[in-house]
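Raw contents of start20.txt, compact mmCIF, C-alpha atoms:
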# COMPACT_ATOMS: atom_id res chain seq x y z
CA MET R 1 23.98 21.21 -1.12
CA ASP R 2 21.29 19.87 1.14
CA VAL R 3 21.10 16.47 -0.49
CA LEU R 4 24.71 15.72 0.46
CA ARG R 5 24.02 16.64 4.05
CA MET R 6 20.91 14.53 4.19
CA ALA R 7 22.48 11.50 2.54
CA GLY R 8 25.54 11.72 4.78
CA MET R 9 23.40 12.10 7.84
CA SER R 10 21.18 9.14 7.09
CA MET R 11 24.20 6.92 6.49
CA ALA R 12 25.91 8.09 9.67
CA SER R 13 22.75 7.52 11.68
CA ALA R 14 22.36 4.05 10.17
CA VAL R 15 25.80 3.16 11.47
CA ALA R 16 25.01 4.63 14.89
CA VAL R 17 21.74 2.73 15.06
CA ILE R 18 23.40 -0.57 14.20
CA LEU R 19 26.01 0.01 16.88
CA LEU R 20 23.40 0.79 19.50
CA ARG R 21 20.95 -1.89 18.44
CA ARG R 22 23.49 -4.61 19.04
CA MET R 23 24.26 -3.37 22.55
CA ARG R 24 20.88 -2.10 23.67
CA PRO R 25 17.83 -2.78 21.47
CA GLU R 26 15.76 0.01 23.05
CA MET R 27 18.59 2.52 22.55
CA GLY R 28 18.79 1.48 18.92
CA LEU R 29 15.12 2.20 18.50
CA THR R 30 15.35 5.66 20.07
CA ALA R 31 18.43 6.43 17.96
CA ALA R 32 16.55 5.36 14.81
CA LEU R 33 13.62 7.52 15.87
CA ALA R 34 15.88 10.49 16.49
CA ALA R 35 17.55 10.05 13.11
CA GLY R 36 14.16 9.93 11.41
CA ILE R 37 13.03 13.05 13.20
CA LEU R 38 16.21 14.91 12.26
CA LEU R 39 15.83 13.96 8.62
CA LEU R 40 12.22 15.08 8.57
CA THR R 41 13.05 18.39 10.21
CA MET R 42 15.71 18.93 7.57
CA ALA R 43 13.20 18.15 4.82
CA MET R 44 10.42 20.34 6.25
CA PRO R 45 11.60 23.72 4.87
CA MET R 46 11.60 22.32 1.36
CA VAL R 47 8.14 20.85 1.89
CA ALA R 48 6.99 24.29 3.01
CA GLN R 49 8.28 25.86 -0.21
CA VAL R 50 6.56 23.23 -2.35
CA ILE R 51 3.29 23.72 -0.54
CA GLY R 52 3.59 27.50 -0.85
CA GLY R 53 4.07 27.13 -4.58
CA ILE R 54 1.14 24.77 -4.93
CA THR R 55 -1.19 27.01 -2.95
CA SER R 56 -0.27 30.05 -5.02
CA ILE R 57 -0.86 28.10 -8.26
CA ALA R 58 -4.17 26.83 -6.93
CA GLN R 59 -5.25 30.33 -5.92
CA THR R 60 -4.52 31.69 -9.40
CA GLY R 61 -6.33 28.64 -10.79
CA GLY R 62 -9.43 29.62 -8.79
CA VAL R 63 -9.51 26.62 -6.46
CA LYS R 64 -11.36 27.43 -3.23
CA SER R 65 -8.86 27.64 -0.40
CA SER R 66 -10.99 25.53 1.97
CA TYR R 67 -10.52 22.49 -0.26
CA LEU R 68 -6.80 23.17 -0.33
CA THR R 69 -6.50 23.29 3.46
CA GLN R 70 -8.45 20.02 3.58
CA LEU R 71 -5.94 18.51 1.17
CA LEU R 72 -3.02 19.78 3.22
CA LYS R 73 -4.55 18.36 6.38
CA VAL R 74 -4.92 14.98 4.70
CA ALA R 75 -1.28 15.07 3.65
CA GLY R 76 -0.13 16.06 7.13
CA ILE R 77 -2.17 13.41 8.90
CA SER R 78 -1.00 10.66 6.59
CA LEU R 79 2.61 11.80 6.97
CA LEU R 80 2.47 11.74 10.77
CA MET R 81 0.50 8.50 10.99
CA ASP R 82 2.83 6.77 8.56
CA PHE R 83 5.83 8.00 10.54
CA ALA R 84 4.37 6.61 13.75
CA ALA R 85 3.38 3.33 12.12
CA GLN R 86 6.85 2.83 10.67
CA THR R 87 8.42 3.53 14.06
CA CYS R 88 6.19 0.85 15.60
CA ARG R 89 7.13 -1.53 12.81
CA ASP R 90 10.79 -0.69 13.40
CA ALA R 91 10.31 -1.67 17.03
CA GLY R 92 8.86 -4.99 15.87
CA GLU R 93 5.31 -4.12 16.97
CA GLU R 94 3.44 -5.13 13.81
CA GLY R 95 0.04 -5.10 15.52
CA LEU R 96 0.59 -1.64 16.95
CA ALA R 97 1.67 -0.35 13.52
CA MET R 98 -1.49 -1.70 11.94
CA LYS R 99 -3.64 -0.09 14.64
CA THR R 100 -1.92 3.26 14.15
CA GLU R 101 -2.58 3.08 10.44
CA LEU R 102 -6.20 2.18 11.16
CA ALA R 103 -6.52 5.24 13.39
CA GLY R 104 -4.97 7.36 10.65
CA ARG R 105 -7.43 6.09 8.07
CA VAL R 106 -10.35 6.81 10.40
CA MET R 107 -9.10 10.36 10.86
CA LEU R 108 -8.77 10.80 7.10
CA LEU R 109 -12.32 9.56 6.63
CA THR R 110 -13.74 11.94 9.19
CA LEU R 111 -11.88 14.70 7.39
CA ALA R 112 -13.27 13.70 4.00
CA LEU R 113 -16.86 13.38 5.24
CA PRO R 114 -17.95 17.04 4.81
CA ALA R 115 -16.48 17.14 1.32
CA MET R 116 -18.44 14.04 0.40
CA GLN R 117 -21.63 15.55 1.78
CA THR R 118 -21.25 18.73 -0.27
CA LEU R 119 -20.53 16.62 -3.34
CA LEU R 120 -23.65 14.55 -2.76
CA THR R 121 -25.90 17.55 -2.25
CA GLN R 122 -24.58 19.15 -5.42
CA LEU R 123 -25.16 15.92 -7.36
CA LEU R 124 -28.69 15.61 -6.02
CA SER R 125 -29.42 19.21 -6.91
CA LEU R 126 -28.41 18.42 -10.50
CA ALA R 127 -30.89 15.56 -10.72
CA PRO R 128 -34.33 16.73 -12.05
CA MET M 1 22.58 20.95 11.40
CA GLN M 2 21.59 18.85 14.44
CA ILE M 3 23.72 15.87 13.49
CA ASP M 4 25.62 16.25 16.76
CA LEU M 5 22.36 15.62 18.61
CA LEU M 6 22.26 12.21 17.02
CA PHE M 7 25.80 11.46 18.09
CA GLN M 8 25.04 12.70 21.60
CA ILE M 9 22.24 10.15 21.75
CA ALA M 10 24.56 7.41 20.48
CA GLY M 11 27.17 8.51 23.05
CA VAL M 12 24.69 8.34 25.92
CA GLY M 13 23.62 4.91 24.72
CA VAL M 14 27.16 3.58 24.60
CA LEU M 15 27.96 5.14 27.97
CA THR M 16 24.96 3.58 29.68
CA THR M 17 25.84 0.19 28.22
CA VAL M 18 29.42 0.47 29.49
CA VAL M 19 28.30 1.63 32.94
CA ALA M 20 25.74 -1.17 33.14
CA ALA M 21 28.37 -3.75 32.11
CA ILE M 22 30.81 -2.45 34.73
CA LEU M 23 28.18 -2.43 37.45
CA GLN M 24 27.16 -5.96 36.52
CA ARG M 25 30.78 -7.08 36.64
CA ALA M 26 31.01 -5.48 40.12
CA GLY M 27 28.08 -7.62 41.17
CA ARG M 28 25.50 -4.81 41.56
CA ASP M 29 22.84 -5.96 39.14
CA GLU M 30 20.06 -3.67 40.38
CA LEU M 31 22.32 -0.63 39.92
CA ALA M 32 23.07 -1.79 36.38
CA THR M 33 19.39 -1.93 35.45
CA LEU M 34 18.88 1.44 37.15
CA SER M 35 21.65 3.01 35.11
CA THR M 36 20.18 1.55 31.92
CA VAL M 37 16.80 3.03 32.74
CA ALA M 38 18.41 6.38 33.55
CA GLY M 39 20.32 6.40 30.25
CA LEU M 40 17.17 5.55 28.38
CA ALA M 41 15.31 8.37 30.13
CA ILE M 42 17.98 10.89 29.10
CA VAL M 43 17.88 9.71 25.50
CA LEU M 44 14.11 9.83 25.48
CA LEU M 45 14.13 13.40 26.79
CA MET M 46 16.39 14.44 23.92
CA VAL M 47 14.22 12.62 21.39
CA ILE M 48 11.08 14.20 22.80
CA SER M 49 12.50 17.70 22.42
CA LEU M 50 13.34 16.88 18.76
CA LEU M 51 9.87 15.41 18.30
CA SER M 52 8.11 18.51 19.61
CA GLU M 53 10.14 20.66 17.25
CA LEU M 54 9.17 18.45 14.30
CA PHE M 55 5.50 18.39 15.29
CA THR M 56 5.27 22.16 15.59
CA SER M 57 6.84 22.63 12.17
CA VAL M 58 4.58 19.98 10.59
CA ARG M 59 1.55 21.55 12.26
CA SER M 60 2.39 24.98 10.93
CA ILE M 61 3.14 23.73 7.41
CA PHE M 62 0.11 21.47 7.01
CA GLN M 63 -2.25 23.72 9.01
CA LEU M 64 -3.19 20.77 11.24
CA TYR M 65 -4.76 22.72 14.09
Please express what this file holds, its structure, as structure tokens.
Amino acid sequence: MDVLRMAGMSMASAVAVILLRRMRPEMGLTAALAAGILLLTMAMPMVAQVIGGITSIAQTGGVKSSYLTQLLKVAGISLLMDFAAQTCRDAGEEGLAMKTELAGRVMLLTLALPAMQTLLTQLLSLAP
Amino acid sequence: MQIDLLFQIAGVGVLTTVVAAILQRAGRDELATLSTVAGLAIVLLMVISLLSELFTSVRSIFQLY
């Protein structure tokens, strides 16, 4: 089953990364990055299924699809930004990791802005 | 699935280290650093191809156009 493959792969890549990190620190980092990428690509099909299921449930539940795509975008951006920030942290660049996370938060905010505006206008329209 | 890619990267890393050590022992330090840089470039090319594959799949799943 997939979980065995993933667990085995992450352990094998941990051993490979330790071997490389001792000899060549930069090689160790690229090996760790490659292992992370491989694991994520293995997990992506399952994520796609989960998201398909959620979108179909939301559609039957009457949720407008534009909000759903916004939500998916937020999830994707945070996933990628977190991945990049952790890679920087893995390389020992704490400052760079913090800046990447800051950039990610700014992007999330710009994404959430239109939703906030619609919410505000609706609230104001309620007020007498 | 692509586990062999990971071991290819580890192999290239070990090979470049060995080549650099040999070149250093032979007294050619600049060649050693050159071979390290070359090995790193090869590894980075592999990682970049993996990265682009991951990014396209994430973009299609999360509709991040």
Can you check which parts of chain R lie within 6 Å of chain M? Per residue, the shortest pair of atoms and distance in Å to one decimal, counting all atoms listed in the file, sorted by chain and number, as a tab-separated table.
residue	atom	partner	partner_atom	distance
R:Met27	CA	M:Gly13	CA	6.0
R:Ala34	CA	M:Val47	CA	5.6
R:Thr41	CA	M:Leu54	CA	5.6
R:Ala48	CA	M:Ile61	CA	5.9
R:Leu72	CA	M:Phe62	CA	5.2
R:Lys73	CA	M:Leu64	CA	5.6
R:Gly76	CA	M:Phe62	CA	5.4
Take every atom of range 7-22 of chain R listed in the file, pad by 3 Å on each side, and give me the axis-aligned box centre and edge lengths in Å, one decimal, as lines of an AutoDock Vina configuration file.
center_x = 23.5
center_y = 3.7
center_z = 11.0
size_x = 11.1
size_y = 22.7
size_z = 23.0
Skipping near chain neighbours, those fewer than 3 positions away, what residues fall within 10 Å of Met107 in chain R using only C-alpha atoms, listed as a ChimeraX atom specification?
/R:74,77-78,81,101-104,110-112
Taking only C-alpha atoms into account, name the residue in R:Leu68, R:Ala127, R:Thr100, R:Ala84 that is nearest to Ala115 in chain R.
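Counting only C-alpha atoms, the residue closest to Ala115 in chain R is R:Leu68.
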